[in-house]
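Note: the block below is target_26.cif and it holds mmCIF, C-alpha atoms.
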```
data_run
loop_
_atom_site.label_atom_id
_atom_site.label_comp_id
_atom_site.auth_asym_id
_atom_site.auth_seq_id
_atom_site.Cartn_x
_atom_site.Cartn_y
_atom_site.Cartn_z
CA MET T 609 18.69 -21.26 104.23
CA PRO T 610 18.92 -24.66 105.99
CA ASP T 611 15.18 -24.45 106.72
CA ILE T 612 14.43 -23.93 103.03
CA VAL T 613 16.66 -26.86 102.10
CA ARG T 614 14.93 -29.11 104.63
CA VAL T 615 11.56 -28.20 103.08
CA LEU T 616 12.55 -28.34 99.40
CA LEU T 617 14.64 -31.51 99.56
CA PRO T 618 11.79 -33.84 100.63
CA ALA T 619 9.47 -32.20 98.10
CA LEU T 620 12.06 -32.71 95.37
CA LEU T 621 12.53 -36.34 96.38
CA VAL T 622 8.78 -36.92 96.30
CA LEU T 623 8.59 -35.32 92.86
CA VAL T 624 11.40 -37.50 91.54
CA VAL T 625 9.76 -40.63 92.95
CA LEU T 626 6.41 -39.71 91.38
CA LEU T 627 8.04 -39.10 88.01
CA ALA T 628 9.78 -42.47 88.21
CA VAL T 629 6.53 -44.19 89.20
CA ARG T 630 4.70 -42.47 86.33
CA ARG T 631 7.28 -43.75 83.87
CA ARG T 632 7.66 -47.30 85.16
CA SER T 633 4.18 -47.98 86.55
CA PRO T 634 1.53 -45.65 85.08
CA VAL T 635 -1.26 -47.67 86.70
CA LEU T 636 0.14 -47.07 90.20
CA PHE T 637 0.70 -43.40 89.42
CA TRP T 638 -2.89 -43.11 88.25
CA TRP T 639 -4.25 -44.59 91.48
CA LEU T 640 -2.03 -42.39 93.65
CA VAL T 641 -2.21 -39.07 91.81
CA GLY T 642 -4.10 -39.20 88.54
CA TYR T 643 -7.49 -40.44 89.71
CA PRO T 644 -7.89 -38.08 92.72
CA LEU T 645 -7.01 -35.05 90.59
CA ALA T 646 -9.21 -36.13 87.68
CA ALA T 647 -12.17 -36.93 89.94
CA LEU T 648 -11.93 -33.52 91.65
CA ARG T 649 -11.71 -31.80 88.26
CA VAL T 650 -14.76 -33.64 86.95
CA LEU T 651 -16.86 -33.04 90.06
CA ALA T 652 -15.95 -29.35 90.26
CA SER T 653 -16.63 -28.53 86.62
CA TYR T 654 -19.31 -31.07 85.70
CA ARG T 655 -22.27 -28.69 85.42
CA ALA T 656 -20.34 -25.96 83.61
CA THR T 657 -18.72 -28.42 81.20
CA MET T 658 -22.01 -30.09 80.31
CA ASP T 659 -23.58 -26.68 79.73
CA ALA T 660 -20.69 -25.52 77.53
CA CYS T 661 -20.91 -28.73 75.46
CA GLY T 662 -24.66 -28.35 74.94
CA LEU T 663 -25.52 -31.44 76.99
CA THR T 664 -27.91 -29.76 79.40
CA VAL T 665 -31.70 -29.36 79.22
CA PRO T 666 -33.91 -26.48 80.44
CA ALA T 667 -34.99 -26.63 84.07
CA SER T 668 -38.40 -28.00 84.90
CA ALA T 669 -41.40 -25.72 85.39
CA VAL T 670 -41.23 -26.18 89.17
CA ARG T 671 -37.57 -25.12 89.27
CA ARG T 672 -38.24 -22.13 87.05
CA ALA T 673 -41.12 -21.01 89.24
CA THR T 674 -39.03 -21.42 92.40
CA ALA T 675 -36.18 -19.44 90.84
CA ARG T 676 -38.52 -16.59 89.89
CA MET T 677 -39.81 -16.42 93.47
CA VAL T 678 -36.29 -15.74 94.76
CA GLY T 679 -35.41 -13.43 91.88
CA ARG T 680 -33.03 -15.77 90.08
CA GLU T 681 -32.84 -17.48 86.73
CA ALA T 682 -33.11 -21.25 86.68
CA ALA T 683 -29.88 -22.79 85.41
CA PRO T 684 -29.95 -25.56 82.79
CA VAL T 685 -29.92 -29.06 84.21
CA PRO T 686 -27.09 -31.50 83.30
CA PRO T 687 -27.66 -35.27 83.15
CA ARG T 688 -27.71 -37.01 86.48
CA ARG T 689 -24.47 -38.85 87.16
CA SER T 690 -22.96 -41.36 89.51
CA LEU T 691 -19.76 -40.78 91.45
CA PRO T 692 -16.61 -41.25 89.37
CA ARG T 693 -15.48 -44.84 89.85
CA PRO T 694 -11.77 -45.55 89.32
CA THR T 695 -10.51 -48.16 86.88
CA GLY T 696 -7.01 -49.34 86.06
CA SER T 697 -6.63 -46.72 83.34
CA GLY T 698 -9.15 -43.98 84.10
CA LEU T 699 -12.56 -43.49 85.64
CA VAL T 700 -16.14 -44.35 84.79
CA MET T 701 -19.40 -42.50 85.40
CA ARG T 702 -22.95 -43.60 84.68
CA LEU T 703 -25.16 -40.87 83.24
CA ARG T 704 -28.95 -40.71 83.18
CA MET T 705 -29.90 -38.92 80.00
CA ALA T 706 -32.67 -36.34 80.10
CA ALA T 707 -35.71 -36.46 77.87
CA GLY T 708 -34.77 -35.67 74.28
CA GLN T 709 -31.11 -36.64 74.64
CA ALA T 710 -29.45 -39.50 72.75
CA PRO T 711 -26.09 -41.25 73.11
CA GLU T 712 -25.02 -39.71 69.81
CA ASP T 713 -25.13 -36.26 71.44
CA PHE T 714 -22.50 -37.33 73.97
CA THR T 715 -20.41 -39.17 71.37
CA ALA T 716 -20.24 -36.01 69.26
CA SER T 717 -19.05 -34.04 72.31
CA ALA T 718 -16.51 -36.63 73.49
CA ASP T 719 -13.53 -34.67 72.16
CA ARG T 720 -14.70 -31.47 73.88
CA LEU T 721 -15.17 -33.33 77.15
CA ARG T 722 -11.65 -34.75 76.78
CA HIS T 723 -10.11 -31.29 76.49
CA ALA T 724 -12.27 -29.82 79.25
CA TRP T 725 -11.28 -32.49 81.77
CA GLY T 726 -7.69 -32.98 80.61
CA ALA T 727 -8.14 -36.68 79.81
CA HIS T 728 -6.35 -38.67 77.14
CA ALA T 729 -9.63 -39.91 75.69
CA VAL T 730 -13.35 -40.06 76.48
CA HIS T 731 -15.47 -43.01 75.36
CA VAL T 732 -19.26 -43.20 75.45
CA ARG T 733 -21.12 -46.52 75.59
CA PRO T 734 -24.90 -46.93 75.93
CA THR T 735 -25.78 -49.50 78.57
CA LYS T 736 -29.59 -49.55 78.65
CA PRO T 737 -32.39 -47.22 77.52
CA GLY T 738 -31.87 -43.82 79.10
CA TRP T 739 -28.45 -44.69 80.54
CA LEU T 740 -24.92 -44.53 79.21
CA GLU T 741 -21.40 -45.07 80.47
CA LEU T 742 -18.86 -42.25 80.25
CA ARG T 743 -15.31 -43.63 80.44
CA LEU T 744 -12.31 -41.31 80.83
CA VAL T 745 -8.86 -42.69 79.97
CA GLY T 746 -6.02 -41.07 81.89
CA TRP T 747 -3.11 -41.82 79.52
CA ASP T 748 -2.24 -43.57 76.28
CA VAL T 749 -2.79 -47.17 77.33
CA LEU T 750 -1.67 -48.46 73.90
CA ALA T 751 1.83 -46.99 74.29
CA GLU T 752 3.01 -50.10 76.16
CA VAL T 753 0.78 -53.15 76.48
CA ARG T 754 1.58 -55.96 78.88
CA PRO T 755 -0.21 -59.31 79.23
CA PRO T 756 -3.05 -59.32 81.76
CA ARG T 757 -1.91 -60.36 85.24
CA ARG T 758 -5.07 -62.30 85.95
CA ARG T 759 -7.35 -64.47 83.91
CA LEU T 760 -9.99 -62.22 82.38
CA ALA T 761 -12.14 -64.70 80.52
CA ALA T 762 -13.52 -67.97 81.84
CA GLY T 763 -14.62 -70.84 79.66
CA PRO T 764 -13.28 -72.65 76.63
CA LEU T 765 -12.30 -70.80 73.44
CA CYS T 766 -12.34 -67.42 75.17
CA LEU T 767 -9.07 -65.46 75.10
CA PRO T 768 -8.03 -61.88 76.00
CA LEU T 769 -5.80 -60.99 73.04
CA ALA T 770 -5.39 -57.22 72.88
CA LEU T 771 -5.92 -54.10 74.98
CA ARG T 772 -8.52 -51.66 73.72
CA GLU T 773 -7.93 -47.93 73.71
CA ASP T 774 -10.55 -47.50 76.45
CA GLY T 775 -8.51 -49.66 78.84
CA GLU T 776 -10.63 -52.81 78.52
CA TRP T 777 -9.40 -56.06 76.98
CA HIS T 778 -10.57 -57.32 73.62
CA VAL T 779 -11.66 -60.90 74.26
CA ARG T 780 -11.75 -63.34 71.37
CA ASP T 781 -14.75 -65.59 72.00
CA PHE T 782 -14.98 -68.24 69.29
CA ARG T 783 -18.47 -69.32 70.33
CA THR T 784 -19.77 -65.78 69.81
CA VAL T 785 -17.67 -64.85 66.76
CA PRO T 786 -16.68 -68.19 65.23
CA HIS T 787 -14.60 -67.03 62.26
CA GLU T 788 -12.19 -64.11 61.91
CA LEU T 789 -10.21 -62.30 59.22
CA ILE T 790 -6.81 -60.86 60.24
CA LEU T 791 -5.08 -58.47 57.84
CA GLY T 792 -1.78 -56.65 58.19
CA ALA T 793 1.28 -55.65 56.20
CA THR T 794 4.82 -56.81 56.96
CA GLN T 795 6.01 -55.58 60.37
CA SER T 796 2.51 -54.41 61.29
CA GLY T 797 2.08 -56.71 64.30
CA LYS T 798 -0.15 -59.30 62.65
CA SER T 799 2.23 -62.13 63.56
CA VAL T 800 2.32 -61.01 67.21
CA TYR T 801 -1.49 -61.08 67.36
CA LEU T 802 -1.43 -64.58 65.86
CA ARG T 803 1.20 -65.73 68.39
CA ASN T 804 -0.97 -64.57 71.30
CA LEU T 805 -3.92 -66.39 69.76
CA LEU T 806 -2.02 -69.66 69.25
CA CYS T 807 -0.44 -69.57 72.72
CA GLY T 808 -3.82 -68.97 74.34
CA LEU T 809 -5.38 -71.87 72.44
CA ALA T 810 -2.36 -74.12 73.05
CA ARG T 811 -3.18 -74.19 76.77
CA GLN T 812 -6.69 -75.48 76.09
CA SER T 813 -8.02 -78.79 74.79
CA VAL T 814 -8.32 -77.62 71.20
CA VAL T 815 -7.25 -79.17 67.91
CA LEU T 816 -4.98 -76.66 66.17
CA VAL T 817 -4.70 -76.97 62.38
CA GLY T 818 -2.29 -74.86 60.35
CA ILE T 819 -2.30 -74.03 56.64
CA ASP T 820 0.81 -72.10 55.66
CA CYS T 821 1.67 -72.11 51.96
CA LYS T 822 4.93 -70.22 52.54
CA TRP T 823 6.46 -73.68 53.04
CA GLY T 824 5.52 -73.59 56.70
CA VAL T 825 7.95 -70.88 57.79
CA GLU T 826 5.28 -68.92 59.71
CA LEU T 827 3.61 -71.81 61.53
CA ALA T 828 6.50 -74.31 61.73
CA PRO T 829 7.71 -72.95 65.13
CA PHE T 830 4.32 -73.95 66.58
CA ALA T 831 4.39 -77.46 65.06
CA PRO T 832 4.77 -79.28 68.43
CA ARG T 833 1.25 -78.17 69.34
CA LEU T 834 -0.33 -78.50 65.89
CA SER T 835 -2.43 -81.56 65.11
CA ALA T 836 -2.07 -80.96 61.36
CA LEU T 837 -0.03 -78.69 59.13
CA ALA T 838 -0.13 -78.18 55.35
CA ASP T 839 2.69 -76.20 53.76
CA THR T 840 1.82 -76.34 50.03
CA PRO T 841 -1.40 -75.60 48.12
CA GLU T 842 -1.70 -79.26 47.16
CA ARG T 843 -1.43 -80.42 50.78
CA ALA T 844 -3.79 -77.63 51.83
CA SER T 845 -6.45 -78.89 49.44
CA GLU T 846 -6.11 -82.42 50.85
CA LEU T 847 -6.26 -81.11 54.41
CA LEU T 848 -9.42 -79.13 53.67
CA ASP T 849 -10.99 -82.33 52.30
CA ALA T 850 -10.16 -84.08 55.58
CA LEU T 851 -11.68 -81.23 57.57
CA LEU T 852 -14.87 -81.41 55.51
CA GLU T 853 -15.07 -85.15 56.20
CA GLU T 854 -14.61 -84.44 59.91
CA MET T 855 -17.35 -81.81 59.77
CA GLU T 856 -19.77 -84.21 58.07
CA ALA T 857 -19.03 -86.90 60.66
CA ARG T 858 -19.78 -84.45 63.45
CA PHE T 859 -23.10 -83.50 61.88
CA ARG T 860 -24.00 -87.18 61.69
CA LEU T 861 -23.13 -87.48 65.39
CA ILE T 862 -25.41 -84.54 66.21
CA GLY T 863 -28.24 -86.09 64.20
CA LEU T 864 -27.84 -89.49 65.84
CA SER T 865 -27.81 -88.03 69.36
CA SER T 866 -30.95 -85.98 68.68
CA GLY T 867 -32.83 -89.04 67.45
CA ALA T 868 -31.67 -91.39 70.21
CA GLY T 869 -35.06 -91.46 71.89
CA PRO T 870 -37.87 -89.36 73.34
CA ASP T 871 -35.74 -88.33 76.32
CA ALA T 872 -32.79 -87.19 74.19
CA VAL T 873 -31.76 -83.56 74.42
CA LEU T 874 -32.31 -81.86 71.07
CA THR T 875 -29.39 -79.80 69.83
CA SER T 876 -28.19 -78.24 66.59
CA ASP T 877 -24.48 -77.97 67.44
CA VAL T 878 -21.77 -79.88 69.26
CA TRP T 879 -22.02 -77.71 72.39
CA GLY T 880 -25.44 -79.18 73.14
CA LEU T 881 -24.08 -82.72 73.25
CA PRO T 882 -23.17 -84.40 76.56
CA GLU T 883 -19.63 -83.51 77.55
CA ALA T 884 -18.45 -87.12 77.26
CA ALA T 885 -19.67 -87.35 73.65
CA ARG T 886 -18.71 -83.84 72.60
CA PRO T 887 -15.98 -83.66 69.92
CA VAL T 888 -12.92 -81.54 70.58
CA PRO T 889 -13.13 -78.04 69.01
CA VAL T 890 -10.98 -77.44 65.94
CA VAL T 891 -9.38 -74.10 65.10
CA VAL T 892 -8.01 -73.79 61.56
CA VAL T 893 -5.39 -71.07 61.06
CA VAL T 894 -4.88 -70.11 57.40
CA ASP T 895 -1.77 -67.94 57.16
CA GLU T 896 -1.06 -65.77 54.09
CA VAL T 897 -4.31 -66.60 52.34
CA ALA T 898 -3.10 -64.86 49.17
CA GLU T 899 -0.38 -67.51 48.76
CA LEU T 900 -3.07 -70.16 48.99
CA PHE T 901 -5.05 -68.65 46.12
CA LEU T 902 -2.29 -67.64 43.68
CA ALA T 903 -3.07 -68.91 40.19
CA ALA T 904 -0.66 -68.93 37.24
CA ASN T 905 -2.72 -71.01 34.80
CA LYS T 906 -6.14 -72.55 34.28
CA ASP T 907 -5.34 -75.58 36.44
CA ASP T 908 -4.32 -73.32 39.33
CA GLU T 909 -7.53 -71.34 38.94
CA LYS T 910 -9.60 -74.53 39.21
CA ARG T 911 -7.68 -75.56 42.33
CA ARG T 912 -8.08 -72.08 43.81
CA ASP T 913 -11.83 -71.99 43.18
CA ALA T 914 -12.16 -75.45 44.68
CA MET T 915 -10.30 -74.40 47.86
CA VAL T 916 -12.35 -71.22 48.17
CA THR T 917 -15.49 -73.36 47.96
CA LYS T 918 -14.16 -75.67 50.68
CA LEU T 919 -13.34 -72.75 52.97
CA ILE T 920 -16.79 -71.26 52.39
CA ARG T 921 -18.39 -74.58 53.35
CA LEU T 922 -16.32 -74.70 56.52
CA ALA T 923 -17.21 -71.10 57.34
CA GLN T 924 -20.93 -71.61 56.72
CA LEU T 925 -21.35 -74.91 58.54
CA GLY T 926 -18.28 -75.25 60.73
CA ARG T 927 -19.58 -73.31 63.74
CA ALA T 928 -22.23 -75.92 64.55
CA ALA T 929 -19.62 -78.68 64.22
CA GLY T 930 -17.11 -76.91 66.46
CA ILE T 931 -14.74 -75.97 63.60
CA TYR T 932 -13.54 -72.36 63.53
CA LEU T 933 -11.49 -70.39 61.00
CA GLU T 934 -8.75 -67.79 61.46
CA VAL T 935 -7.85 -66.42 58.02
CA CYS T 936 -4.73 -64.22 57.93
CA GLY T 937 -3.00 -62.33 55.15
CA GLN T 938 -1.26 -59.17 54.02
CA ARG T 939 -4.15 -58.32 51.72
CA PHE T 940 -7.56 -59.67 50.89
CA GLY T 941 -9.39 -58.66 47.74
CA SER T 942 -11.67 -59.85 44.97
CA GLU T 943 -8.64 -60.80 42.86
CA LEU T 944 -8.25 -63.89 45.05
CA GLY T 945 -11.16 -65.48 43.27
CA LYS T 946 -14.86 -65.40 42.64
CA GLY T 947 -15.70 -66.62 46.15
CA ALA T 948 -13.46 -64.23 48.11
CA THR T 949 -16.28 -61.80 48.86
CA MET T 950 -18.57 -64.62 49.93
CA LEU T 951 -15.85 -66.01 52.18
CA ARG T 952 -15.31 -62.59 53.75
CA ALA T 953 -19.01 -62.34 54.56
CA GLN T 954 -18.70 -65.49 56.69
CA LEU T 955 -15.66 -64.15 58.58
CA THR T 956 -17.66 -61.93 60.92
CA GLY T 957 -14.72 -61.03 63.16
CA ARG T 958 -12.27 -58.52 61.64
CA VAL T 959 -8.81 -57.43 62.75
CA CYS T 960 -7.06 -54.92 60.50
CA HIS T 961 -3.49 -53.84 61.27
CA ARG T 962 -1.58 -51.33 59.18
CA VAL T 963 -2.07 -52.32 55.53
CA ASN T 964 -0.33 -51.33 52.32
CA ASP T 965 -3.47 -50.24 50.47
CA GLU T 966 -6.86 -48.84 51.30
CA THR T 967 -8.57 -51.64 49.37
CA SER T 968 -7.58 -54.23 51.98
CA ALA T 969 -8.81 -51.99 54.82
CA THR T 970 -12.09 -51.49 52.98
CA MET T 971 -12.38 -55.24 52.40
CA ALA T 972 -11.86 -55.87 56.10
CA LEU T 973 -13.88 -53.06 57.67
CA GLY T 974 -15.91 -51.41 54.92
CA ASP T 975 -19.06 -53.37 55.73
CA ILE T 976 -18.69 -52.55 59.44
CA ALA T 977 -18.18 -48.77 59.58
CA PRO T 978 -16.55 -46.18 57.29
CA GLU T 979 -14.89 -44.64 60.36
CA ALA T 980 -13.17 -47.96 61.05
CA VAL T 981 -11.59 -47.94 57.58
CA LEU T 982 -10.30 -44.41 58.17
CA ALA T 983 -8.87 -45.44 61.54
CA ALA T 984 -7.12 -48.47 60.01
CA THR T 985 -5.50 -46.47 57.20
CA SER T 986 -4.17 -43.92 59.71
CA ILE T 987 -2.24 -46.44 61.88
CA PRO T 988 1.39 -45.18 62.04
CA ALA T 989 4.21 -47.49 60.99
CA GLU T 990 6.14 -46.79 64.20
CA ARG T 991 3.40 -48.43 66.28
CA PRO T 992 3.42 -52.13 65.33
CA GLY T 993 0.70 -54.16 66.94
CA VAL T 994 -1.97 -51.45 66.77
CA ALA T 995 -5.06 -52.65 64.92
CA VAL T 996 -8.72 -51.92 64.43
CA VAL T 997 -11.03 -54.68 65.65
CA GLY T 998 -14.64 -54.91 64.54
CA ASP T 999 -17.46 -57.37 64.09
CA SER T 1000 -20.69 -57.68 62.15
CA SER T 1001 -22.59 -55.73 64.83
CA GLY T 1002 -20.94 -52.51 63.62
CA GLY T 1003 -18.86 -51.91 66.75
CA TRP T 1004 -15.13 -51.28 66.41
CA SER T 1005 -12.19 -50.16 68.51
CA ARG T 1006 -8.44 -49.61 68.31
CA VAL T 1007 -6.45 -52.30 70.08
CA ARG T 1008 -2.85 -53.37 70.57
CA SER T 1009 -1.52 -56.83 71.36
CA PRO T 1010 1.09 -57.40 74.07
CA HIS T 1011 4.47 -58.12 72.52
CA LEU T 1012 5.30 -61.82 72.40
CA THR T 1013 8.55 -63.02 70.85
CA LEU T 1014 8.68 -65.98 68.51
CA ASP T 1015 10.95 -67.87 70.91
CA ASP T 1016 8.53 -67.46 73.80
CA ALA T 1017 5.57 -68.50 71.66
CA ALA T 1018 7.42 -71.56 70.37
CA ALA T 1019 8.37 -72.50 73.95
CA VAL T 1020 4.70 -72.41 74.99
CA CYS T 1021 3.80 -74.72 72.12
CA ARG T 1022 6.61 -77.12 73.06
CA ASP T 1023 5.53 -77.16 76.70
CA THR T 1024 1.89 -77.85 75.77
CA SER T 1025 2.57 -80.42 73.04
CA ALA T 1026 1.10 -83.17 75.24
CA LEU T 1027 -2.26 -81.39 75.11
CA ALA T 1028 -2.55 -81.75 71.33
CA PRO T 1029 -5.59 -83.96 70.64
CA GLU T 1030 -5.36 -86.54 67.87
CA LEU T 1031 -8.02 -86.90 65.18
CA PRO T 1032 -7.67 -89.98 62.95
CA ARG T 1033 -8.65 -88.03 59.83
CA LEU T 1034 -5.88 -85.50 60.47
CA ALA T 1035 -3.16 -88.02 61.35
CA PRO T 1036 -1.56 -87.98 57.86
CA PHE T 1037 -0.98 -84.25 58.24
CA ARG T 1038 0.59 -84.30 61.71
CA PRO T 1039 4.07 -82.71 61.46
CA VAL T 1040 6.98 -84.91 62.52
CA VAL T 1041 8.29 -82.14 64.80
CA ALA T 1042 5.29 -82.58 67.08
CA PHE T 1043 6.02 -86.28 67.56
CA GLU T 1044 9.70 -85.66 68.13
CA SER T 1045 8.84 -83.49 71.14
CA ALA T 1046 5.96 -85.60 72.44
CA GLY T 1047 7.00 -89.16 71.67
CA PRO T 1048 8.11 -91.58 68.95
CA ALA T 1049 7.33 -90.59 65.40
CA SER T 1050 4.34 -92.13 63.67
CA PRO T 1051 4.66 -93.60 60.16
CA ALA T 1052 1.63 -91.51 59.17
CA ALA T 1053 3.31 -88.26 60.14
CA VAL T 1054 4.56 -86.19 57.23
CA PRO T 1055 7.61 -83.92 57.56
CA LEU T 1056 7.47 -80.31 56.55
CA THR T 1057 8.35 -79.67 52.93
CA GLY T 1058 11.89 -78.31 52.80
CA ARG T 1059 12.13 -75.55 50.23
CA PRO T 1060 14.21 -72.38 50.17
CA VAL T 1061 12.40 -69.23 51.19
CA THR T 1062 14.28 -66.97 48.84
CA GLU T 1063 11.73 -66.63 46.07
#
```

File written out as structure tokens:
Amino acid sequence: MPDIVRVLLPALLVLVVLLAVRRRSPVLFWWLVGYPLAALRVLASYRATMDACGLTVPASAVRRATARMVGREAAPVPPRRSLPRPTGSGLVMRLRMAAGQAPEDFTASADRLRHAWGAHAVHVRPTKPGWLELRLVGWDVLAEVRPPRRRLAAGPLCLPLALREDGEWHVRDFRTVPHELILGATQSGKSVYLRNLLCGLARQSVVLVGIDCKWGVELAPFAPRLSALADTPERASELLDALLEEMEARFRLIGLSSGAGPDAVLTSDVWGLPEAARPVPVVVVVDEVAELFLAANKDDEKRRDAMVTKLIRLAQLGRAAGIYLEVCGQRFGSELGKGATMLRAQLTGRVCHRVNDETSATMALGDIAPEAVLAATSIPAERPGVAVVGDSSGGWSRVRSPHLTLDDAAAVCRDTSALAPELPRLAPFRPVVAFESAGPASPAAVPLTGRPVTE
């Protein structure tokens, strides 16, 4: 009996430690236990699994002839593969497709491969003609998302904002996807995504402009880092006029620099200008866009149509001038005005959290992929922060943002208030709160409109 106890007690302790590690640090558990077991399972059953999923091809004539000589039948040939390479959340293999195979064949069999190898998910991504990447995910990486421990993206206006379901990070690159539409119902995680975005931009030399027609309650905590903030539709219209003037001035600067002489470097946007003469990028965050476009009478409809036109101009021409849009709201539909559909077409980046109606999901993702709309409408309410991200290329993925409290986000904006650039055209819209934290108040600064938020 003592011998059995001496053998079972260490084994029990090891089991308890592994269970604790799996719960508290799934990445460490994967590297210690999950990856070795998964790699052995894949290597041992690769040929049989590919054959069962219909992903093999008949053997070549030489192999068939050789098999007949020894009295055997030539087995079907699976795609050539690389050794399973571990990642932080699974493993990756490169496959060389045989003649006649297409990536769609492997995508259609992804669920069968997941069950055969006991993985949480299997994702297929073509890399180059004839090759694809097979990524196995060991566990539900969206169950608990933490901020990345190291900087994943280098360069200005490039931010890792959410973890994709395949274990990679969704990186928001404004220079690649200049404008974005973010939709989500109350308590869906839209505000958390926006906090991560604002905190990431606050640490860079970027002009942050806020338009929040809910009297500033959503964006007021970030006022120390904002260069301009409009909290009513009337102020928003004036701020958009100032942004259009800034955009026109930047285009004149681009034209003057291109015609400076025969040795001048020709460019069509601000990023081609010399760094010393390059204007600071501007990111305009429009929160609750439906509040901006509400119309109760004919005068409101004229104002709404005028603001839609201004936003469309910024979306069409702003990228070359270094002005980028982030349009957020609980819903987005044609009832917002005649130009809503045209504005949506310019917002090539799409982020759709859980929404209250299928129309908003279709408006956000319908022109990307029907499967993305179905995925967005099936997001459970008990998983705030989960969203479907897509772009005009047709690609989409489920993501989840790391949780960031409002207090922590506001603290980041207070700590980085000294980084807020000043643009003369936006000075009348600079919130007083920003100057109170960074220095003496300016006479041009306008305080936030104080109205009750009980309506």

**Asked** atom CA of Leu750 of chain T and atom CA of Lys736 of chain T are how many Å apart?
**Response** 28.3 Å

Would you kindly translate the PyMOL selection byres ((chain T and resi 974) around 12) into the concrete residues it picks from this file, as a PDB file with C-alpha atoms, in the coordinates of the input?
```pdb
ATOM      1  CA  ARG T 952     -15.310 -62.590  53.750  1.00  0.00           C
ATOM      2  CA  ALA T 953     -19.010 -62.340  54.560  1.00  0.00           C
ATOM      3  CA  ARG T 958     -12.270 -58.520  61.640  1.00  0.00           C
ATOM      4  CA  CYS T 960      -7.060 -54.920  60.500  1.00  0.00           C
ATOM      5  CA  GLU T 966      -6.860 -48.840  51.300  1.00  0.00           C
ATOM      6  CA  THR T 967      -8.570 -51.640  49.370  1.00  0.00           C
ATOM      7  CA  SER T 968      -7.580 -54.230  51.980  1.00  0.00           C
ATOM      8  CA  ALA T 969      -8.810 -51.990  54.820  1.00  0.00           C
ATOM      9  CA  THR T 970     -12.090 -51.490  52.980  1.00  0.00           C
ATOM     10  CA  MET T 971     -12.380 -55.240  52.400  1.00  0.00           C
ATOM     11  CA  ALA T 972     -11.860 -55.870  56.100  1.00  0.00           C
ATOM     12  CA  LEU T 973     -13.880 -53.060  57.670  1.00  0.00           C
ATOM     13  CA  ASP T 975     -19.060 -53.370  55.730  1.00  0.00           C
ATOM     14  CA  ILE T 976     -18.690 -52.550  59.440  1.00  0.00           C
ATOM     15  CA  ALA T 977     -18.180 -48.770  59.580  1.00  0.00           C
ATOM     16  CA  PRO T 978     -16.550 -46.180  57.290  1.00  0.00           C
ATOM     17  CA  GLU T 979     -14.890 -44.640  60.360  1.00  0.00           C
ATOM     18  CA  ALA T 980     -13.170 -47.960  61.050  1.00  0.00           C
ATOM     19  CA  VAL T 981     -11.590 -47.940  57.580  1.00  0.00           C
ATOM     20  CA  LEU T 982     -10.300 -44.410  58.170  1.00  0.00           C
ATOM     21  CA  ALA T 983      -8.870 -45.440  61.540  1.00  0.00           C
ATOM     22  CA  ALA T 984      -7.120 -48.470  60.010  1.00  0.00           C
ATOM     23  CA  THR T 985      -5.500 -46.470  57.200  1.00  0.00           C
ATOM     24  CA  VAL T 996      -8.720 -51.920  64.430  1.00  0.00           C
ATOM     25  CA  GLY T 998     -14.640 -54.910  64.540  1.00  0.00           C
ATOM     26  CA  ASP T 999     -17.460 -57.370  64.090  1.00  0.00           C
ATOM     27  CA  SER T1000     -20.690 -57.680  62.150  1.00  0.00           C
ATOM     28  CA  GLY T1002     -20.940 -52.510  63.620  1.00  0.00           C
ATOM     29  CA  TRP T1004     -15.130 -51.280  66.410  1.00  0.00           C
TER      30      TRP T1004
END
```

Edge lengths and centre, in Å to one decimal, as JSON: that's what I need for the box along x, y and z that holds all listed atoms of segment 680-687 of chain T plus 6 Å on each side.
```
{"center_x": -30.1, "center_y": -25.5, "center_z": 86.4, "size_x": 18.0, "size_y": 31.5, "size_z": 19.3}
```

Quick one: everything within 9 Å of Pro755 of chain T, counting all atoms listed in the file, minus sequence neighbours fewer than 2 positions away in the same chain. Send it as a CSV table (one decimal) with C-alpha atoms, in the frame of the given file.
```csv
chain,number,residue,atom,x,y,z
T,753,VAL,CA,0.8,-53.2,76.5
T,757,ARG,CA,-1.9,-60.4,85.2
T,758,ARG,CA,-5.1,-62.3,86.0
T,768,PRO,CA,-8.0,-61.9,76.0
T,769,LEU,CA,-5.8,-61.0,73.0
T,770,ALA,CA,-5.4,-57.2,72.9
T,771,LEU,CA,-5.9,-54.1,75.0
T,1009,SER,CA,-1.5,-56.8,71.4
T,1010,PRO,CA,1.1,-57.4,74.1
T,1011,HIS,CA,4.5,-58.1,72.5
```

Could you write out as an mmCIF file with C-alpha atoms, keeping the file's coordinate frame the residues that the PyMOL selection byres ((chain T and resi 910-912) around 9) matches in the shown file?
```cif
data_model
loop_
_atom_site.group_PDB
_atom_site.id
_atom_site.type_symbol
_atom_site.label_atom_id
_atom_site.label_comp_id
_atom_site.auth_asym_id
_atom_site.auth_seq_id
_atom_site.Cartn_x
_atom_site.Cartn_y
_atom_site.Cartn_z
ATOM 1 C CA PRO T 841 -1.400 -75.600 48.120
ATOM 2 C CA GLU T 842 -1.700 -79.260 47.160
ATOM 3 C CA SER T 845 -6.450 -78.890 49.440
ATOM 4 C CA LEU T 900 -3.070 -70.160 48.990
ATOM 5 C CA PHE T 901 -5.050 -68.650 46.120
ATOM 6 C CA LEU T 902 -2.290 -67.640 43.680
ATOM 7 C CA ALA T 903 -3.070 -68.910 40.190
ATOM 8 C CA ASN T 905 -2.720 -71.010 34.800
ATOM 9 C CA LYS T 906 -6.140 -72.550 34.280
ATOM 10 C CA ASP T 907 -5.340 -75.580 36.440
ATOM 11 C CA ASP T 908 -4.320 -73.320 39.330
ATOM 12 C CA GLU T 909 -7.530 -71.340 38.940
ATOM 13 C CA ASP T 913 -11.830 -71.990 43.180
ATOM 14 C CA ALA T 914 -12.160 -75.450 44.680
ATOM 15 C CA MET T 915 -10.300 -74.400 47.860
ATOM 16 C CA VAL T 916 -12.350 -71.220 48.170
ATOM 17 C CA THR T 917 -15.490 -73.360 47.960
ATOM 18 C CA LEU T 944 -8.250 -63.890 45.050
ATOM 19 C CA GLY T 945 -11.160 -65.480 43.270
#
```
